[in-house]
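Asker: Provided herewith is a single structure, encoded as C-alpha cells, for subsequent inquiry.
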Amino acid sequence: MVRPRDYAVSVWAAYGSSLTRFFSKRASPVSFYGPARRTPASVSVEHLPPIDVVVISHNHYDHLDLPSIRRLVKHSPQVRFLVPLGLKRLVEKQGARQVDELDWWDDRTISGITFTCVPAHHWSVRSLWDQNQTLWCGWMMRVNHKNYYFPGDSAYSYTLKEIAERLGSVEVAALPIGAYAPRWMMKNSHMDPQGAARLHNDLGCQRSFAMHWGAFELSDEALDEPLTELSGALLEQNISPDDFQVIKIGAYFPL
C-alpha cells in the first residue's frame with residue numbers, strides 16, 4: 001500500500017493482487033513449469049512509488065510470490081509486511097525487516113490506517129509436507145472512517161457476514177470471481193461469480209470490483225467465462241453493474 005495522502009485509489013494489478021501485485025510469469029515453485037500468466041504484468045516494481053505496507057493473504061504461489069517480495073524489499077527497504085500466522089519466517093528470509101504475524105481479528109494501525117486480519121474459507125500449502133500449517137485470511141483496511149475489503153482467496157460462506165457485523169459495512173471491495181470450476185473441487189476454496197455477488201450484498205458493499213480472473217489458467221473455466229457469469233449473477237442479486245464493476249488490468253478504481 002502506498003501512502004494514502006498520495007493515492008486514494010486501488011489498482012487491480014492482475015489476478016489476486018490489488019494494492020500490491022504479482023510480478024512473476026508463473027504461479028509455481030519453479031520458473032520453468034506451472035501455470036503461466038496469460039496477461040502481461042501491468043506495471044514493474046521499479047515504477048511503483050515507495051511502498052509502506054504489504055498485506056499477504058496466504059502462502060499459495062499465486063498469492064505469495066517470493067521473487068516479488070525480494071523486489072519489493074529492494075525497492076522499499078522499510079516496507080512493513082502484515083502476514084497471517086506461520087508466514088513471518090518465510091517473508092523475513094526474503095530480506096524483509098518488518099514483518100507482523102496476525103491471527104484472525106488481530107489488527108495493526110499504521111499511518112492512520114487500521115489493518116484487520118479477517119477470516120477466509122480457504123487452505124494453505126507450498127510443499128508436500130506443509131498442508132494447512134500456516135493460516136489464510138482476508139484483510140479489512142479502514143481509513144478516514146471507510147472500509148476497504150480484500151478477501152484474498154476464499155469460498156463463499158454466509159459466515160463471512162461476521163466481518164461486516166464486527167467491523168462495519170464495506171465502502172469498496174475487491175472480490176474474486178475466477179478459478180471456480182469444477183465446482184465439486186473448488187467450491188470449498190474459491191467463490192464463483194454468484195458467490196461474489198452474494199458476498200457483495202452480505203457485507204453491504206457500496207462498490208466492488210472483480211479480481212482473481214484473467215491472468216492464470218488454474219481451473220477448468222475459460223479465462224473470460226467469469227465475466228459472463230458475473231453479469232447474470234448481478235442481475236439475480238439486483239446489483240447494478242455500476243456498483244460491481246469489471247475494470248481492466250492496471251486500471252485505477254477510486255476509493
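By order in the C-alpha cells, chains are A, B, ...; within a chain, residues start at 1; ligands start at 1, following the order shown.
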Kindly assemble as JSON lines a list of the stretch 168-249 of chain A residues that lie within 10 Å of stretch 110-130 of chain A, each paired with its nearest atom pair and their distance in Å to one decimal, using only C-alpha atoms, sorted first by chain and then by ascending residue number.

Answerer:
```
{"residue": "A:Met186", "atom": "CA", "partner": "A:His122", "partner_atom": "CA", "distance": 9.9}
{"residue": "A:Lys187", "atom": "CA", "partner": "A:His122", "partner_atom": "CA", "distance": 9.8}
{"residue": "A:Asn188", "atom": "CA", "partner": "A:His122", "partner_atom": "CA", "distance": 6.9}
{"residue": "A:Ser189", "atom": "CA", "partner": "A:His122", "partner_atom": "CA", "distance": 4.5}
{"residue": "A:His190", "atom": "CA", "partner": "A:His122", "partner_atom": "CA", "distance": 7.3}
{"residue": "A:Met191", "atom": "CA", "partner": "A:His121", "partner_atom": "CA", "distance": 9.3}
```

Asker: Quick one: pull the distance between atom CA of A:His63 and atom CA of A:Asp107, Å, one decimal.

Answerer: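 About the pair atom CA of A:His63 and atom CA of A:Asp107: they are 20.5 Å apart.
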
Asker: I need the alpha helix (DSSP H) residues of stretch 66-211 of chain A per DSSP on the backbone, written as a PyMOL selection string.

Answerer: chain A and resi 66-75+88-92+161-167+183-186+193-202

Asker: Mind dumping the selected residues with C-alpha atoms as a PDB file, in the first residue's frame?

Answerer:
```pdb
ATOM      1  CA  LEU A  66       8.966 -14.810  -3.273  1.00  0.00           C
ATOM      2  CA  PRO A  67      10.724 -13.034  -6.173  1.00  0.00           C
ATOM      3  CA  SER A  68       8.094 -10.295  -5.874  1.00  0.00           C
ATOM      4  CA  ILE A  69       8.771  -9.995  -2.140  1.00  0.00           C
ATOM      5  CA  ARG A  70      12.504  -9.644  -2.740  1.00  0.00           C
ATOM      6  CA  ARG A  71      11.983  -6.997  -5.408  1.00  0.00           C
ATOM      7  CA  LEU A  72       9.617  -5.050  -3.161  1.00  0.00           C
ATOM      8  CA  VAL A  73      12.119  -5.150  -0.298  1.00  0.00           C
ATOM      9  CA  LYS A  74      14.882  -3.913  -2.591  1.00  0.00           C
ATOM     10  CA  HIS A  75      12.620  -1.154  -3.900  1.00  0.00           C
ATOM     11  CA  LYS A  88       6.726 -14.436   9.246  1.00  0.00           C
ATOM     12  CA  ARG A  89       9.875 -16.515   8.961  1.00  0.00           C
ATOM     13  CA  LEU A  90       9.444 -17.161   5.233  1.00  0.00           C
ATOM     14  CA  VAL A  91       8.958 -13.467   4.468  1.00  0.00           C
ATOM     15  CA  GLU A  92      11.896 -12.474   6.676  1.00  0.00           C
ATOM     16  CA  LYS A 161     -21.186 -11.731   7.240  1.00  0.00           C
ATOM     17  CA  GLU A 162     -19.475 -11.589  10.618  1.00  0.00           C
ATOM     18  CA  ILE A 163     -16.817  -9.364   9.065  1.00  0.00           C
ATOM     19  CA  ALA A 164     -19.326  -6.565   8.471  1.00  0.00           C
ATOM     20  CA  GLU A 165     -21.084  -7.279  11.765  1.00  0.00           C
ATOM     21  CA  ARG A 166     -17.831  -6.695  13.652  1.00  0.00           C
ATOM     22  CA  LEU A 167     -16.130  -4.051  11.546  1.00  0.00           C
ATOM     23  CA  ARG A 183     -17.465 -26.694  -8.504  1.00  0.00           C
ATOM     24  CA  TRP A 184     -17.217 -30.083  -6.783  1.00  0.00           C
ATOM     25  CA  MET A 185     -13.492 -29.440  -6.359  1.00  0.00           C
ATOM     26  CA  MET A 186     -13.354 -25.654  -5.984  1.00  0.00           C
ATOM     27  CA  PRO A 193     -19.258 -15.037  -9.611  1.00  0.00           C
ATOM     28  CA  GLN A 194     -22.570 -15.943  -7.975  1.00  0.00           C
ATOM     29  CA  GLY A 195     -20.859 -16.186  -4.593  1.00  0.00           C
ATOM     30  CA  ALA A 196     -19.056 -12.894  -5.148  1.00  0.00           C
ATOM     31  CA  ALA A 197     -22.368 -11.170  -5.888  1.00  0.00           C
ATOM     32  CA  ARG A 198     -23.933 -12.635  -2.750  1.00  0.00           C
ATOM     33  CA  LEU A 199     -20.956 -11.552  -0.657  1.00  0.00           C
ATOM     34  CA  HIS A 200     -21.232  -8.023  -2.063  1.00  0.00           C
ATOM     35  CA  ASN A 201     -24.758  -7.889  -0.645  1.00  0.00           C
ATOM     36  CA  ASP A 202     -23.935  -9.738   2.583  1.00  0.00           C
TER      37      ASP A 202
END
```

Asker: May I ask for the distance between atom CA of A:Asp243 and atom CA of A:Gly178, given in Å to one decimal place?

Answerer: 18.7 Å

Asker: Given the choices A:Asp100, A:Gly95, A:Met141, A:Glu225, which gets closest to A:Phe81 if the distance is worked out from only C-alpha atoms?

Answerer: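 Using only C-alpha atoms, A:Phe81 sits closest to A:Asp100.
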
Asker: Could you check how far atom CA of A:Arg142 sits from atom CA of A:Pro49, in Å to one decimal?

Answerer: 21.1 Å

Asker: So that I can check the secondary structure, give me every residue of stretch 69-241 of chain A assigned strand (DSSP E or B) by backbone DSSP, as a PyMOL selection string.

Answerer: chain A and resi 80-84+98-102+107-110+113-118+138-143+146-150+172-176+207-211+216

Asker: Grab the residues selected above and save them as a compact mmCIF listing (two decimals), in the first residue's frame with C-alpha atoms.

Answerer:
```
# COMPACT_ATOMS: atom_id res chain seq x y z
CA ARG A 80 6.24 -3.45 6.51
CA PHE A 81 4.60 -6.81 5.82
CA LEU A 82 1.42 -7.99 7.53
CA VAL A 83 1.02 -11.76 7.21
CA PRO A 84 -1.20 -14.50 8.69
CA GLN A 98 9.49 -5.54 9.43
CA VAL A 99 7.03 -8.44 9.47
CA ASP A 100 3.96 -8.65 11.72
CA GLU A 101 2.22 -12.01 12.06
CA LEU A 102 -1.51 -11.82 12.82
CA ASP A 107 -5.22 -5.64 13.86
CA ARG A 108 -2.46 -3.10 13.40
CA THR A 109 -2.76 0.65 12.86
CA ILE A 110 -0.09 2.13 10.62
CA ILE A 113 -4.86 3.00 8.50
CA THR A 114 -6.17 0.09 10.58
CA PHE A 115 -5.48 -3.31 9.05
CA THR A 116 -7.59 -6.17 10.43
CA CYS A 117 -6.85 -9.79 9.62
CA VAL A 118 -10.24 -11.37 8.88
CA GLY A 138 -8.55 -11.68 4.15
CA TRP A 139 -7.93 -8.07 5.15
CA MET A 140 -10.14 -5.16 6.09
CA MET A 141 -8.43 -1.79 5.84
CA ARG A 142 -10.07 1.21 7.49
CA VAL A 143 -9.02 4.76 6.70
CA LYS A 146 -14.20 3.95 5.41
CA ASN A 147 -13.63 0.21 4.97
CA TYR A 148 -11.78 -1.41 2.09
CA TYR A 149 -12.08 -5.23 1.93
CA PHE A 150 -9.61 -7.60 0.31
CA VAL A 172 -15.08 -0.74 -1.51
CA ALA A 173 -14.34 -4.44 -2.00
CA ALA A 174 -12.05 -6.31 -4.39
CA LEU A 175 -13.95 -9.57 -4.88
CA PRO A 176 -12.61 -12.71 -6.60
CA ARG A 207 -18.95 -0.64 -4.58
CA SER A 208 -16.93 -3.66 -5.64
CA PHE A 209 -14.60 -4.55 -8.47
CA ALA A 210 -13.80 -8.01 -9.81
CA MET A 211 -10.37 -9.59 -9.40
CA PHE A 216 -3.68 -17.68 -14.83
```

Asker: Given only C-alpha atoms as the basis, pick out the residue of A:Leu235, A:Leu85, A:Leu230, A:Val55 nearest to A:Gln133.

Answerer: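 Smallest separation from A:Gln133 among the options: A:Leu85.
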